[in-house]
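K.L.:
Take this structure first; my questions come after.
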Amino acid sequence: MPDDDHADRPVPHELLEARRRRAAESLGLTDEVLVVGAGSPVPVPGGMDQLLPFAPHPHYQWLAGHRSAGGVVAFDPKADEWRDFVPPTTEADRVWEGRADAPGEPIEGLMPWLTNRGASGDRPVVSLGVRPAGIESLDDDGQRAERAEHGLLAARRAKDEHELGTIRAACRATAEGFAAARDATARGDSERLIELALTTACQRAGGHGMGYHTIVGSGPNAAVLHFSAGSRAPREGEFVLIDAGCHIDGYTADVSRTFVKGTPTQQHRDLFAIVLEAERFALERCTAGQEFRELHLQAATRLAEGLVHLGILKGDPAGLVERDAHANFFPHGLGHLVGLGVRDASAYLPGRARSERFGLASLRMDLPLEPGFVTTVEPGLYFIEPLLRQAERRERFADCTDWDKVERWLHIGGVRIEDDVLVTDAEPVNLTEGIDKSFESMIVS
């Protein structure tokens, strides 16, 4: 049955007030006036009289507590005053979309409110989210906006009880989707039909839609990191990698599981075991104070150990990670935060820059974990031909890679195992533990 405990449920007033207090403390504003815009729907090109699915900017939704297109949250730190402005609901909105009035006051009051607070004079304006229409005449202080952006991201990272309840509901609905995907794989359905079964089951279980582009890749397609499902049906003795998560009110789950269609080979077992061990290792260490960059490197070392055991890499695992040899097989980061969107409030702490190293350049976040964060843990090992057959790369890593053995693995595709983890003051909590990931449960026949 659908789980509607958190679907379309407004944020309790006391929680919304707590969010705004936390934001005010973290933003670091003094004289500036803040505006946070939701953004507006984008029309389908070509005069189709349709709009693309709308999702408000997460900054706006978090501060407003609702998902109103064209809405603006404004804040005057000198008066400690928050205001929520929304556009009117037109007759066309009611007739064609059945839209009701959004909570908030008329958007026409935004400019007078800003003018009365000196925003058109000597008080600077800081614009976050999507810059609202109609305030083009006001200067936007970009330098202060950058500082405020970091502050608001910091305020949003720890999830409150309403957010956690919604994320948990999305995780439960996603579990139903993966069960349906397993059944579709067993039937011999194509990648596209597997995706359809998963999506349908998620929404029957209370999901509002998918939180991001669903990945279903079978056989060699499992090595394509963001593969779009096609007409290919998984064959006997192939991996089927699925990365999917549904959302409820914009709060999304993000899960990966890798099935084996038919009888697994020793290669399937060995590769899966390495990734599963690294995932469990990292998941247990998602504790308060843990630097995520360091955890990524530790997990990469576990993956490198496994590749050395298989004879694919040669040398000391830590040294191999230092050289980025592991990144030929694990070219992405260990994970990212989730919440209002699939990479919600991740990013780097101020003063930390993205590394140019091959093994670190794709790291989605570089910050210490704190209680209330929800992060993915998603190690993987892949045999990606564009990486592994590149002549320059083969020469660079010739002394530590058995390229002949790599050739015997290129057909395998890849394995990714991913869960959503809540960081607490004690042990981490796996929010997606209800989606089995043992190897025996992944065998589909």
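Chain labels follow the order of the structure tokens: the first chain is A, the next B, and so on; residue numbering restarts at 1 in every chain, and ligands are counted from 1 in their shown order.
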Write out as a CSV table (one decimal) with N, CA and C atoms, in the first residue's frame the residues lying within 12 Å of A:Gly434, counting only C-alpha atoms and excluding same-chain residues fewer than 5 positions away.
P.N.:
```
chain,number,residue,atom,x,y,z
A,168,ARG,N,12.9,8.8,4.4
A,168,ARG,CA,12.6,7.3,4.8
A,168,ARG,C,11.5,6.8,3.9
A,171,CYS,N,12.7,6.1,0.6
A,171,CYS,CA,13.5,4.8,0.6
A,171,CYS,C,12.7,3.6,0.6
A,172,ARG,N,11.6,3.6,1.3
A,172,ARG,CA,10.7,2.5,1.4
A,172,ARG,C,10.0,2.3,0.0
A,173,ALA,N,9.6,3.3,-0.6
A,173,ALA,CA,9.0,3.2,-2.0
A,173,ALA,C,10.0,2.7,-3.0
A,174,THR,N,11.3,3.2,-2.8
A,174,THR,CA,12.3,2.7,-3.7
A,174,THR,C,12.6,1.2,-3.6
A,175,ALA,N,12.4,0.7,-2.4
A,175,ALA,CA,12.6,-0.7,-2.1
A,175,ALA,C,11.6,-1.5,-2.9
A,176,GLU,N,10.4,-1.0,-3.0
A,176,GLU,CA,9.3,-1.7,-3.8
A,176,GLU,C,9.7,-1.7,-5.3
A,177,GLY,N,10.3,-0.6,-5.7
A,177,GLY,CA,10.8,-0.5,-7.1
A,177,GLY,C,11.9,-1.5,-7.4
A,178,PHE,N,12.8,-1.7,-6.5
A,178,PHE,CA,13.9,-2.7,-6.8
A,178,PHE,C,13.4,-4.1,-6.8
A,179,ALA,N,12.4,-4.4,-6.0
A,179,ALA,CA,11.8,-5.7,-6.0
A,179,ALA,C,11.1,-6.0,-7.3
A,255,VAL,N,19.8,4.7,-4.8
A,255,VAL,CA,20.2,3.3,-4.5
A,255,VAL,C,20.8,2.7,-5.7
A,419,ASP,N,24.1,2.6,-0.9
A,419,ASP,CA,23.0,2.8,0.1
A,419,ASP,C,23.0,4.3,0.6
A,420,ASP,N,21.9,4.6,1.2
A,420,ASP,CA,21.7,6.0,1.8
A,420,ASP,C,21.9,5.9,3.3
A,429,VAL,N,23.2,5.0,10.4
A,429,VAL,CA,21.9,4.2,10.2
A,429,VAL,C,21.8,4.1,8.7
```
K.L.:
Mind the document's chain letters and residue numbers, and return as a VMD selection string the residues of stretch 285-426 of chain A that DSSP labels strand (DSSP E or B).
P.N.:
chain A and resid 291 313 337 339 to 341 347 to 348 365 to 366 368 374 to 377 380 to 382 401 414 to 416 418 to 422
K.L.:
What's around stretch 14-26 of chain A at 7 Å? Count only C-alpha atoms, leave out sequence neighbours fewer than 3 positions away in its own chain, and write the answer as a PyMOL selection string.
P.N.:
chain A and resi 11+63+65+151-152+155
K.L.:
Using only C-alpha atoms, please write the residues we just selected to a file, as a PDB file, in the first residue's frame.
P.N.:
```pdb
ATOM      1  CA  VAL A  11       6.237  21.418   6.948  1.00  0.00           C
ATOM      2  CA  LEU A  63      12.983  28.051   3.433  1.00  0.00           C
ATOM      3  CA  GLY A  65       8.226  24.822   3.102  1.00  0.00           C
ATOM      4  CA  GLY A 151      26.266  29.527   4.737  1.00  0.00           C
ATOM      5  CA  LEU A 152      22.880  28.353   3.500  1.00  0.00           C
ATOM      6  CA  ALA A 155      22.471  25.214   7.342  1.00  0.00           C
TER       7      ALA A 155
END
```
K.L.:
Would you return as a list in words the members of stretch 59-114 of chain A that DSSP assigns to alpha helix (DSSP H) on this structure's backbone?
P.N.:
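These are the residues in question: His59, Tyr60, Gln61, Trp62, Leu63, Ala64, Glu91, Ala92, Leu110, Met111, Pro112, Trp113 and Leu114 of chain A.
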K.L.:
I want to know what sits within 12 Å of A:Pro103, based on only C-alpha atoms, with residues of the same chain fewer than 2 positions away left out; could you give that as a PyMOL selection string?
P.N.:
chain A and resi 10-11+64-69+71-73+83-89+100-101+105-107
K.L.:
Can you write just those residues out, C-alpha atoms, as a PDB file, in the first residue's frame?
P.N.:
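Result file is part-v2.pdb:
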```
ATOM      1  CA  PRO A  10       3.192  20.731   4.819  1.00  0.00           C
ATOM      2  CA  VAL A  11       6.237  21.418   6.948  1.00  0.00           C
ATOM      3  CA  ALA A  64       9.408  28.292   2.150  1.00  0.00           C
ATOM      4  CA  GLY A  65       8.226  24.822   3.102  1.00  0.00           C
ATOM      5  CA  HIS A  66       6.368  24.409  -0.205  1.00  0.00           C
ATOM      6  CA  ARG A  67       7.069  24.077  -3.956  1.00  0.00           C
ATOM      7  CA  SER A  68       5.545  27.177  -5.567  1.00  0.00           C
ATOM      8  CA  ALA A  69       6.755  28.090  -9.054  1.00  0.00           C
ATOM      9  CA  GLY A  71       7.861  32.080  -5.446  1.00  0.00           C
ATOM     10  CA  VAL A  72      10.383  34.213  -3.542  1.00  0.00           C
ATOM     11  CA  VAL A  73      11.463  34.036   0.087  1.00  0.00           C
ATOM     12  CA  ARG A  83       8.509  36.989   4.031  1.00  0.00           C
ATOM     13  CA  ASP A  84       7.125  34.508   1.511  1.00  0.00           C
ATOM     14  CA  PHE A  85       5.880  35.954  -1.799  1.00  0.00           C
ATOM     15  CA  VAL A  86       4.051  33.873  -4.416  1.00  0.00           C
ATOM     16  CA  PRO A  87       2.573  34.670  -7.840  1.00  0.00           C
ATOM     17  CA  PRO A  88      -1.220  34.694  -8.249  1.00  0.00           C
ATOM     18  CA  THR A  89      -3.033  31.607  -9.432  1.00  0.00           C
ATOM     19  CA  ALA A 100      -4.914  25.956  -6.102  1.00  0.00           C
ATOM     20  CA  ASP A 101      -3.665  29.096  -4.377  1.00  0.00           C
ATOM     21  CA  GLU A 105       1.479  36.808   0.058  1.00  0.00           C
ATOM     22  CA  PRO A 106       1.124  38.303  -3.435  1.00  0.00           C
ATOM     23  CA  ILE A 107       4.355  38.618  -5.388  1.00  0.00           C
TER      24      ILE A 107
END
```
K.L.:
Counting only C-alpha atoms, what is within 7 Å of A:Val33, bar same-chain residues fewer than 2 positions away, as a list in words?
P.N.:
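Once the nearby chain positions are removed, what remains is Asp31, Val35, Phe75, Asp76, Pro77, Ala119, Pro124, Val125 and Val126 of chain A.
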K.L.:
Just checking: using only C-alpha atoms, which residue out of A:Ala170, A:Leu193, A:Ala345, A:Ala282 ends up closest to A:Ala233?
P.N.:
A:Leu193
K.L.:
When you look at A:Val216 with a cut-off of 8 Å (counting only C-alpha atoms), what residues show up, excluding the ones that are within fewer than 5 positions of it in the same chain? I need them as a ChimeraX atom specification.
P.N.:
/A:191-192,194-195,222,227-229,240-243
K.L.:
Within 9 Å of stretch 325-337 of chain A, counting only C-alpha atoms, which residues show up once you throw out same-chain ones fewer than 6 positions away? Write them as a PyMOL selection string, please.
P.N.:
chain A and resi 157+225+279+282+292-293+295-297+299-301+303-304+307+313+317+319+343-347+358-365+373-384+387-388+393+397+400-401+414+418+420
K.L.:
Generate a file of the selected residues that holds N, CA and C atoms, formatted as a compact mmCIF listing (two decimals), in the first residue's frame.
P.N.:
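Listed below is the output, out-v3.txt:
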```txt
# COMPACT_ATOMS: atom_id res chain seq x y z
N ARG A 157 22.40 21.14 5.44
CA ARG A 157 22.94 19.78 5.33
C ARG A 157 22.36 18.83 6.37
N LEU A 225 28.66 4.68 -16.79
CA LEU A 225 28.30 5.17 -15.46
C LEU A 225 26.89 5.77 -15.40
N GLU A 279 32.01 -1.33 0.31
CA GLU A 279 30.82 -0.57 0.67
C GLU A 279 30.52 -0.71 2.15
N ALA A 282 33.09 1.30 4.22
CA ALA A 282 32.86 2.74 4.22
C ALA A 282 31.59 3.12 4.97
N PHE A 292 35.12 13.16 4.57
CA PHE A 292 34.63 12.29 3.50
C PHE A 292 35.71 12.03 2.45
N ARG A 293 36.57 13.00 2.21
CA ARG A 293 37.65 12.79 1.24
C ARG A 293 38.55 11.65 1.69
N LEU A 295 37.70 9.19 3.68
CA LEU A 295 36.94 7.94 3.59
C LEU A 295 36.92 7.44 2.15
N HIS A 296 36.80 8.34 1.20
CA HIS A 296 36.87 7.96 -0.21
C HIS A 296 38.19 7.26 -0.51
N LEU A 297 39.29 7.81 -0.04
CA LEU A 297 40.60 7.22 -0.30
C LEU A 297 40.76 5.87 0.40
N ALA A 299 38.29 3.77 1.07
CA ALA A 299 37.50 2.81 0.31
C ALA A 299 38.20 2.45 -1.00
N ALA A 300 38.82 3.44 -1.63
CA ALA A 300 39.57 3.16 -2.85
C ALA A 300 40.71 2.18 -2.60
N THR A 301 41.33 2.29 -1.44
CA THR A 301 42.41 1.36 -1.09
C THR A 301 41.88 -0.06 -0.94
N LEU A 303 39.31 -1.27 -2.55
CA LEU A 303 39.07 -1.74 -3.92
C LEU A 303 40.37 -2.13 -4.59
N ALA A 304 41.41 -1.33 -4.37
CA ALA A 304 42.71 -1.66 -4.96
C ALA A 304 43.25 -2.98 -4.41
N LEU A 307 41.65 -5.69 -6.37
CA LEU A 307 42.18 -5.80 -7.73
C LEU A 307 43.58 -6.42 -7.73
N LEU A 313 45.80 -5.51 -10.77
CA LEU A 313 46.80 -4.52 -10.38
C LEU A 313 47.95 -5.21 -9.65
N PRO A 317 48.59 -1.56 -2.32
CA PRO A 317 47.31 -0.89 -2.60
C PRO A 317 47.33 0.60 -2.29
N GLY A 319 49.86 2.63 -2.28
CA GLY A 319 50.67 3.28 -3.30
C GLY A 319 49.95 3.37 -4.64
N ARG A 343 21.97 15.35 -5.15
CA ARG A 343 23.27 15.75 -4.59
C ARG A 343 23.07 16.97 -3.70
N ASP A 344 22.09 16.89 -2.85
CA ASP A 344 21.63 18.03 -2.06
C ASP A 344 22.70 18.55 -1.12
N ALA A 345 23.07 19.82 -1.29
CA ALA A 345 23.95 20.53 -0.35
C ALA A 345 25.30 19.84 -0.18
N SER A 346 25.77 19.16 -1.22
CA SER A 346 27.10 18.55 -1.14
C SER A 346 28.15 19.66 -1.25
N ALA A 347 29.03 19.62 -2.22
CA ALA A 347 30.03 20.66 -2.46
C ALA A 347 31.20 20.56 -1.49
N PHE A 358 43.43 12.49 -11.09
CA PHE A 358 42.48 11.59 -11.74
C PHE A 358 41.60 10.87 -10.72
N GLY A 359 42.18 10.48 -9.59
CA GLY A 359 41.43 9.71 -8.59
C GLY A 359 40.60 10.55 -7.65
N LEU A 360 40.69 11.88 -7.73
CA LEU A 360 39.94 12.74 -6.81
C LEU A 360 39.09 13.79 -7.54
N ALA A 361 39.30 13.97 -8.82
CA ALA A 361 38.64 15.06 -9.55
C ALA A 361 37.12 14.93 -9.57
N SER A 362 36.60 13.70 -9.43
CA SER A 362 35.15 13.50 -9.49
C SER A 362 34.49 13.42 -8.12
N LEU A 363 35.23 13.77 -7.07
CA LEU A 363 34.67 13.72 -5.72
C LEU A 363 33.60 14.81 -5.59
N ARG A 364 32.38 14.41 -5.22
CA ARG A 364 31.26 15.35 -5.20
C ARG A 364 31.31 16.28 -3.99
N MET A 365 31.95 15.86 -2.91
CA MET A 365 32.00 16.71 -1.73
C MET A 365 33.31 16.48 -0.98
N PHE A 373 23.38 14.50 8.61
CA PHE A 373 23.68 14.38 7.18
C PHE A 373 23.15 13.04 6.68
N VAL A 374 22.65 13.01 5.46
CA VAL A 374 22.32 11.76 4.78
C VAL A 374 23.21 11.69 3.54
N THR A 375 24.06 10.68 3.49
CA THR A 375 25.00 10.56 2.40
C THR A 375 24.86 9.20 1.72
N THR A 376 25.18 9.18 0.44
CA THR A 376 25.29 7.90 -0.24
C THR A 376 26.67 7.32 0.01
N VAL A 377 26.75 6.01 -0.04
CA VAL A 377 28.03 5.29 -0.07
C VAL A 377 27.92 4.37 -1.28
N GLU A 378 28.73 4.61 -2.31
CA GLU A 378 28.52 3.92 -3.58
C GLU A 378 29.82 3.57 -4.30
N PRO A 379 30.64 2.71 -3.71
CA PRO A 379 31.83 2.26 -4.44
C PRO A 379 31.43 1.40 -5.63
N GLY A 380 32.32 1.32 -6.60
CA GLY A 380 32.06 0.48 -7.77
C GLY A 380 33.36 0.10 -8.44
N LEU A 381 33.32 -0.95 -9.20
CA LEU A 381 34.43 -1.36 -10.05
C LEU A 381 33.86 -1.65 -11.45
N TYR A 382 34.51 -1.07 -12.47
CA TYR A 382 33.99 -1.14 -13.83
C TYR A 382 35.14 -1.42 -14.79
N PHE A 383 34.79 -2.05 -15.90
CA PHE A 383 35.75 -2.27 -16.98
C PHE A 383 35.25 -1.47 -18.18
N ILE A 384 35.72 -0.22 -18.25
CA ILE A 384 35.22 0.77 -19.19
C ILE A 384 36.20 0.87 -20.35
N LEU A 387 38.33 4.02 -21.16
CA LEU A 387 39.43 4.24 -20.23
C LEU A 387 40.54 3.21 -20.42
N LEU A 388 40.16 1.96 -20.46
CA LEU A 388 41.13 0.88 -20.35
C LEU A 388 41.84 0.56 -21.67
N ARG A 393 47.07 5.91 -21.26
CA ARG A 393 46.82 5.35 -19.93
C ARG A 393 47.51 4.00 -19.78
N PHE A 397 50.38 3.30 -16.78
CA PHE A 397 50.19 2.32 -15.71
C PHE A 397 50.69 0.92 -16.10
N CYS A 400 52.12 -1.39 -13.30
CA CYS A 400 51.29 -1.83 -12.17
C CYS A 400 49.97 -2.44 -12.61
N THR A 401 49.78 -2.66 -13.90
CA THR A 401 48.53 -3.22 -14.41
C THR A 401 48.83 -4.36 -15.37
N GLY A 414 30.30 -3.93 -15.04
CA GLY A 414 30.71 -3.33 -13.77
C GLY A 414 29.73 -3.63 -12.66
N GLU A 418 25.14 0.69 -3.62
CA GLU A 418 24.94 2.02 -3.04
C GLU A 418 23.79 2.01 -2.05
N ASP A 420 21.91 4.64 1.25
CA ASP A 420 21.75 5.98 1.82
C ASP A 420 21.91 5.88 3.33
```
K.L.:
Just give me the gap between atom CA of A:Pro41 and atom CA of A:Gly339 in Å, one decimal is fine.
P.N.:
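Atom-to-atom, atom CA of A:Pro41 to atom CA of A:Gly339, that is 21.2 Å.
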K.L.:
Report the distance between atom CA of A:Arg131 and atom CA of A:Val36 in Å, rounded to one decimal place.
P.N.:
7.1 Å
